[in-house]
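Asks: Structure provided below as structure tokens; questions to follow.
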Amino acid sequence: MKFKDILKFSFLNISRSKKNIYILLVVILCSLISLFSLTVLVSFNHFIESNYYKNIGFRTLNVFYADGSNMGKPIDTKKLKQINHVVEVFNSKYATFTSNSSLENSKYDGIITLNAITENLQLEVVKGENIGDKRNVAICPINFYPDSSASDLSLSLKNNADDKNLIGKKFKFKYSKYNNNAERPEVIENFEKEFEIIGLYNTNTTMTNANQCYISMDDMKEIVDTVNQNKVTSTYVIVDSLNNIDSVVNEIDNMGYYSEVTTVFDSKIINNFSLICNIISLISLSVAVIVLVLYIRKKIINESQNIGVLRSLGYTKKDIKKYYLIEILSSILITYLFSLLMFGLLYVLLKNTILSSLNLYNIDIVINLFAYLTTFSIIVIIPYLLSMISIYKVTNKTILKLMKMEE
Amino acid sequence: MSKIISVNHLSKSYITEKKRIDILQEINVEFETGKFYAIMGHSGSGKSTLINILGLIDNFDSGKYILFGKDITAMTDNELSKIRMKNIGFIFQEFYLNNTLKAWENVVVPMLINDEIPKKERKERACKLLKMVGLEDRMEHYPKELSGGEQQRVAIARALANNPKMILADEPTGNLDEEHEEQIFNILKEISKSGKCVIVVTHSNDVKKYADIIYKISNGKIVRQDEI
Ligand SMILES: Nc1ncnc2c1ncn2[C@@H]1O[C@H](COP(=O)(O)OP(=O)(O)OP(=O)(O)O)[C@@H](O)[C@H]1O
Ligand SMILES: [Mg+2]
């Protein structure tokens, strides 16, 4: 029996039965659902890994003396810096500073927060350049919103400031020197420090507010030391990645200090989300497999009589096996390819409509091989192997027995 | 006319729950091309058993079956299949057509395993055979859209697909009324006249009008009834 003939007659057999079509539609639907949920799952994990973890806060440790009696004693920063995976150590008072700026106008109140950045902290600049060893320069959000309400504004507020004009723009940061000896701190002198914006970063990747800019550690020290505020300080230890936090915490413990993560990463949401995606794909895949397996088994039993008739017409056992294995494989494969095609179309359609809003969050729905391979191996291979067994069993029956089997 | 089947001392029995039923006992019979044979007998006498053995879809316990000069007992399943494909055309009481295939497509099914019929000629050949059984205007119909008699004629066309030397029909008119029965017998008669060996198992006495030779099976023996 020729391959082409088998394909042609298989196609006739399948396409002319409404029941076949309905079953294959169910399978297509299930594979679509699982393809989608697996894609969402992988995309989400991808997003978490590539973006969320960029927020330095999640890997910043606040280090104190474990014993309160040692308060005020300086912490050995040199030793901390020597710990494996520690990229930066500095006094917490140099971490951030919030104040007024010359960016105040009718729309904004001009309040911005400056963060100290060093070369070791690897801030990702999406436009312009990084700070390096330059002074009096700043890196601001691509959607810079110099207002104290920036935290309330949802991250979806895109490009509040015109990012084209942001680079090269200069602003003055205002701060005051206080007299700490007075009963109530009083301003001794006002200062203004000019910064030029040389680079832009994406707040979506750091999950921070749109009024936060980064400046060099030296500039930060200049400001903070001038202000000379009385503050309880600690030491910040920044770890290179989330995975290494535990080992660094252990090392710090061993040194006799106590440390805690400044911003705790809430992995519950992610775990729950992953669980839901996994359950959805598991259910849809199971339904697809069960429907396919039951369908194929029923089909083979229903076809027993036909198999007997074909044998009486001179078809060999090999012809029969060949015919049904090709028919079943081609129908499952076509179903799967059709699901992939539909998935591709829906993906393009959704990406340009509903999902485009996700771009604001920098969530990229990634087409991933994992989803295809998983759905392929489950929807195609398992039912196919099971149907092979059924076919081998049926073809080994005698012709008379097969012909006597009723539909 | 030439002898194509020679059966010697062929026996077949079934053993069911301690009981042994001898269906065919030491049967001796011969069949020639160009003749119309009828096999008759009571229900349960072993007619179907015999015709299935002759058609190589059932086995027997002892004896010799020489088909086209060759002893079939030594043949493999594949060799038997090949003989069925080339030289045996089956017709059953239940028609056994594929309901998802049109009339002409059903006739093409046996041709798919016959390398001697080129792909291009299949449909043409199927249509010619359907025309021969009077179904030239039913070629594109599905079995469900045909009467019982018409379906059986499609089955006859299918049996002729690979131009076999013998046609075996087990109660081909069992599900048909008299008018259609006559039609089917006439077609089978024509086929035998064209040089094929036609063997028909039937309960119908009308077959006597068509048959060249009538056999009767009773008590495990086959007896020639009369010769015309
Ligand atoms: N697989 C089997 N196991 C046991 N006995 C069987 C089997 N097949 C057939 N028989 C018996 O063999 C006998 C002959 O059966 P067969 O089908 O050849 O009869 P038949 O002459 O064709 O009858 P009918 O005219 O009713 O079709 C019957 O008594 C039947 O019960
Ligand atoms: Mg019978």
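Going by the structure tokens order, chains are called A, B, ..., each with residues numbered from 1, while ligands are numbered from 1 in the order shown.
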Please identify all protein, DNA and RNA residues within 6 Å of ligand 1, counting only C-alpha atoms and all ligand atoms, and report them as a VMD selection string.
Replies: chain B and resid 14 23 42 to 49
Asks: Would you mind exporting C-alpha atoms of the selected residues as a PDB file, in the first residue's frame?
Replies:
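Printed below is part_33.pdb as written:
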```pdb
ATOM      1  CA  TYR B  14     -15.047 -27.424  16.595  1.00  0.00           C
ATOM      2  CA  ILE B  23     -18.680 -29.793  10.748  1.00  0.00           C
ATOM      3  CA  HIS B  42     -29.612 -26.650   6.384  1.00  0.00           C
ATOM      4  CA  SER B  43     -28.671 -23.873   8.714  1.00  0.00           C
ATOM      5  CA  GLY B  44     -25.632 -24.924  10.675  1.00  0.00           C
ATOM      6  CA  SER B  45     -24.651 -27.590   8.175  1.00  0.00           C
ATOM      7  CA  GLY B  46     -21.276 -25.982   7.510  1.00  0.00           C
ATOM      8  CA  LYS B  47     -21.805 -24.015   4.281  1.00  0.00           C
ATOM      9  CA  SER B  48     -20.153 -20.860   5.537  1.00  0.00           C
ATOM     10  CA  THR B  49     -17.377 -22.907   7.078  1.00  0.00           C
TER      11      THR B  49
END
```
Asks: Just need the residues of chain B within 8 Å of chain A, counting only C-alpha atoms, so spit them out as a list in words.
Replies: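 Selected residues: Ile57, Asp58, Asp77, Asn78, Leu80, Ser81, Lys82, Ile83, Arg84, Met85, Lys86, Ile88, Gly89, Phe90, Tyr96, Asn98, Thr100, Leu101, Pro110, Leu112, Ile113 and Ala159 of chain B.
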Asks: Which residues sit within 12 Å of ligand 2, counting only C-alpha atoms and all ligand atoms, listed as a list in words?
Replies: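 Those within range of ligand 2 are Lys404 of chain A; Ile39, Met40, Gly41, His42, Ser43, Gly44, Ser45, Gly46, Lys47, Ser48, Thr49, Leu50, Ile51, Asn52, Phe92, Gln93, Glu94, Ala169, Asp170, Glu171, Pro172, Gly174, Val200, Val201, Thr202, His203 and Ile217 of chain B.
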Asks: Have a look at A:Leu41, A:Ile23, A:Leu346, A:Met388 and name the one nearest to Cys277 (chain A); count only C-alpha atoms.
Replies: A:Leu41
Asks: I need the residues in region 164-299 of chain A that are helix (DSSP H, G or I) according to DSSP; give them as a PyMOL selection string.
Replies: chain A and resi 164-166+203-206+217-227+242-254+267-299
Asks: Pull the strand (DSSP E or B) assignments for region 24-182 of chain A out of DSSP run on the backbone, and list those residues as an MDAnalysis selection string.
Replies: chainID A and resid 60:65 86:91 96:99 101 112:117 127:128 137:141 170:179
Asks: Write the selection just made, keeping C-alpha atoms, as a compact mmCIF listing (two decimals), in the first residue's frame?
Replies:
```
# COMPACT_ATOMS: atom_id res chain seq x y z
CA THR A 60 20.33 44.26 49.65
CA LEU A 61 21.12 43.10 53.18
CA ASN A 62 20.90 45.40 56.14
CA VAL A 63 23.72 44.48 58.53
CA PHE A 64 23.77 45.27 62.30
CA TYR A 65 25.57 44.04 65.33
CA VAL A 86 29.10 40.55 47.72
CA VAL A 87 29.35 43.27 45.11
CA GLU A 88 29.09 46.39 47.23
CA VAL A 89 29.12 47.50 50.84
CA PHE A 90 28.19 50.99 51.99
CA ASN A 91 26.63 52.91 54.80
CA THR A 96 18.96 57.18 49.03
CA PHE A 97 18.13 60.81 49.57
CA THR A 98 14.84 62.50 48.79
CA SER A 99 14.37 66.21 48.31
CA SER A 101 14.44 69.84 42.73
CA ILE A 112 12.74 63.24 43.56
CA THR A 113 14.68 60.49 45.23
CA LEU A 114 18.34 60.04 44.44
CA ASN A 115 19.94 56.63 44.76
CA ALA A 116 23.66 56.01 44.91
CA ILE A 117 24.98 53.74 42.22
CA LYS A 127 19.13 54.95 26.56
CA GLY A 128 22.19 57.12 26.83
CA VAL A 137 25.41 63.27 36.17
CA ALA A 138 22.22 61.32 36.76
CA ILE A 139 20.35 58.43 35.31
CA CYS A 140 16.59 58.91 35.42
CA PRO A 141 13.56 56.81 34.53
CA LYS A 170 19.91 69.52 33.55
CA PHE A 171 18.20 69.90 36.89
CA LYS A 172 19.17 71.25 40.29
CA PHE A 173 18.75 69.11 43.37
CA LYS A 174 17.97 71.20 46.48
CA TYR A 175 19.07 70.27 49.97
CA SER A 176 19.92 72.02 53.22
CA LYS A 177 22.51 71.78 55.93
CA TYR A 178 21.03 71.41 59.38
CA ASN A 179 22.28 72.32 62.77
```
Asks: Region 29-31 of chain B: which residues within 6 Å, counting only C-alpha atoms, same-chain residues fewer than 3 positions away excluded, as a compact mmCIF listing (two decimals) with N, CA and C atoms, in the first residue's frame?
Replies:
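File written: selection-v5.txt
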```txt
# COMPACT_ATOMS: atom_id res chain seq x y z
N LYS B 3 -9.77 -26.78 -13.92
CA LYS B 3 -9.95 -27.06 -12.50
C LYS B 3 -9.06 -26.10 -11.71
N ILE B 5 -9.83 -25.59 -8.09
CA ILE B 5 -9.87 -26.01 -6.69
C ILE B 5 -10.03 -27.52 -6.63
N SER B 6 -9.21 -28.11 -5.78
CA SER B 6 -9.35 -29.53 -5.56
C SER B 6 -9.21 -29.80 -4.07
N VAL B 7 -10.30 -30.28 -3.48
CA VAL B 7 -10.31 -30.52 -2.03
C VAL B 7 -10.38 -32.02 -1.78
```
Asks: Skip Asp137 (chain B) itself and residues of its chain fewer than 2 positions away, then list as a ChimeraX atom specification all residues within 12 Å of it, counting only C-alpha atoms.
Replies: /B:103-104,127-128,130-135,139-141,146,150
Asks: Suppose you want the space between CA of Leu67 (chain B) and CA of Gly55 (chain B); what is it in Å?
Replies: 9.9 Å
Asks: Work out how far CA of Asn165 (chain A) is from CA of Phe191 (chain A), in Å to one decimal.
Replies: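 Rounded to one decimal, the two atoms are 25.9 Å apart.
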Asks: Mind giving me the straight-line distance from CA of Leu29 (chain A) to CA of Lys351 (chain A) in Å, one decimal?
Replies: 19.5 Å
Asks: For each of A:Asn230, A:Ser106, A:Ser304, A:Ser274, take the minimum atom-to-atom distance to Val394 (chain A), counting only C-alpha atoms, then give the residue where this is smallest.
Replies: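 The closest residue to Val394 (chain A) is A:Ser304.
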Asks: Need the shell around Phe11 (chain A): protein/DNA/RNA residues with any atom at most 12 Å away, counting only C-alpha atoms. Skip same-chain ones fewer than 6 positions apart. Format as a list in words?
Replies: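 Contacts, with the query itself left out: Lys4, Asp5, Ser17, Asn20, Ile21, Tyr323, Tyr324, Ile326, Glu327, Ile328, Leu329, Ser330, Ser331, Ile332 and Ile334 of chain A; Thr100 and Leu101 of chain B.
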Asks: Pull N, CA, C and O atoms from the residues just selected and write them as a short mmCIF file (atom, residue, chain, number, x, y, z; two decimals), in the first residue's frame.
Replies:
```
data_model
loop_
_atom_site.label_atom_id
_atom_site.label_comp_id
_atom_site.auth_asym_id
_atom_site.auth_seq_id
_atom_site.Cartn_x
_atom_site.Cartn_y
_atom_site.Cartn_z
N LYS A 4 0.95 7.58 -0.17
CA LYS A 4 0.05 8.63 -0.67
C LYS A 4 -1.41 8.17 -0.61
O LYS A 4 -2.29 8.94 -0.23
N ASP A 5 -1.63 6.90 -1.00
CA ASP A 5 -3.00 6.37 -0.97
C ASP A 5 -3.53 6.32 0.46
O ASP A 5 -4.69 6.63 0.72
N SER A 17 -16.50 12.18 8.61
CA SER A 17 -17.28 11.84 9.79
C SER A 17 -17.29 13.03 10.74
O SER A 17 -16.25 13.52 11.17
N ASN A 20 -15.63 12.49 14.13
CA ASN A 20 -14.16 12.63 14.10
C ASN A 20 -13.77 14.08 14.24
O ASN A 20 -12.88 14.44 15.00
N ILE A 21 -14.46 14.92 13.47
CA ILE A 21 -14.11 16.34 13.45
C ILE A 21 -14.32 16.94 14.84
O ILE A 21 -13.47 17.68 15.35
N TYR A 323 -1.51 1.01 7.42
CA TYR A 323 -2.61 1.93 7.14
C TYR A 323 -3.04 2.67 8.41
O TYR A 323 -3.10 3.90 8.44
N TYR A 324 -3.33 1.92 9.47
CA TYR A 324 -3.89 2.57 10.66
C TYR A 324 -2.85 3.41 11.39
O TYR A 324 -3.18 4.47 11.93
N ILE A 326 -0.40 5.02 10.08
CA ILE A 326 -0.22 6.27 9.34
C ILE A 326 -1.46 7.14 9.49
O ILE A 326 -1.36 8.35 9.73
N GLU A 327 -2.64 6.52 9.42
CA GLU A 327 -3.86 7.32 9.55
C GLU A 327 -3.91 8.01 10.92
O GLU A 327 -4.19 9.20 11.03
N ILE A 328 -3.61 7.25 11.97
CA ILE A 328 -3.70 7.82 13.31
C ILE A 328 -2.62 8.87 13.53
O ILE A 328 -2.90 9.97 14.02
N LEU A 329 -1.40 8.54 13.11
CA LEU A 329 -0.31 9.50 13.31
C LEU A 329 -0.59 10.79 12.54
O LEU A 329 -0.44 11.89 13.08
N SER A 330 -1.05 10.65 11.29
CA SER A 330 -1.25 11.87 10.52
C SER A 330 -2.39 12.69 11.10
O SER A 330 -2.31 13.92 11.13
N SER A 331 -3.43 12.01 11.62
CA SER A 331 -4.52 12.82 12.16
C SER A 331 -4.11 13.52 13.45
O SER A 331 -4.46 14.68 13.67
N ILE A 332 -3.31 12.84 14.29
CA ILE A 332 -2.88 13.50 15.52
C ILE A 332 -1.91 14.65 15.16
O ILE A 332 -2.00 15.74 15.72
N ILE A 334 -1.68 16.34 12.37
CA ILE A 334 -2.37 17.46 11.74
C ILE A 334 -3.12 18.26 12.80
O ILE A 334 -3.11 19.48 12.82
N THR B 100 -17.92 5.43 4.93
CA THR B 100 -17.39 6.78 4.70
C THR B 100 -16.86 6.93 3.27
O THR B 100 -16.42 7.99 2.90
N LEU B 101 -16.92 5.84 2.52
CA LEU B 101 -16.43 5.92 1.14
C LEU B 101 -17.58 5.83 0.15
O LEU B 101 -18.54 5.10 0.36
#
```
Asks: Given only C-alpha atoms as the basis, pick out the residue of B:Glu17, B:Ile4, B:Cys197, B:Lys221 nearest to Lys70 (chain B).
Replies: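 Comparing B:Glu17, B:Ile4, B:Cys197, B:Lys221 against Lys70 (chain B), the winner is B:Ile4.
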Asks: List the spatial neighbours of Thr118 (chain A) as a list of chain:residue names - criterion: any atom at most 8 Å away, only C-alpha atoms, same-chain residues fewer than 2 positions off excluded.
Replies: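 My reading of the contact set: A:Ala116, A:Asn120, A:Leu121, A:Gln122, A:Gly132, A:Ser216, A:Met217.
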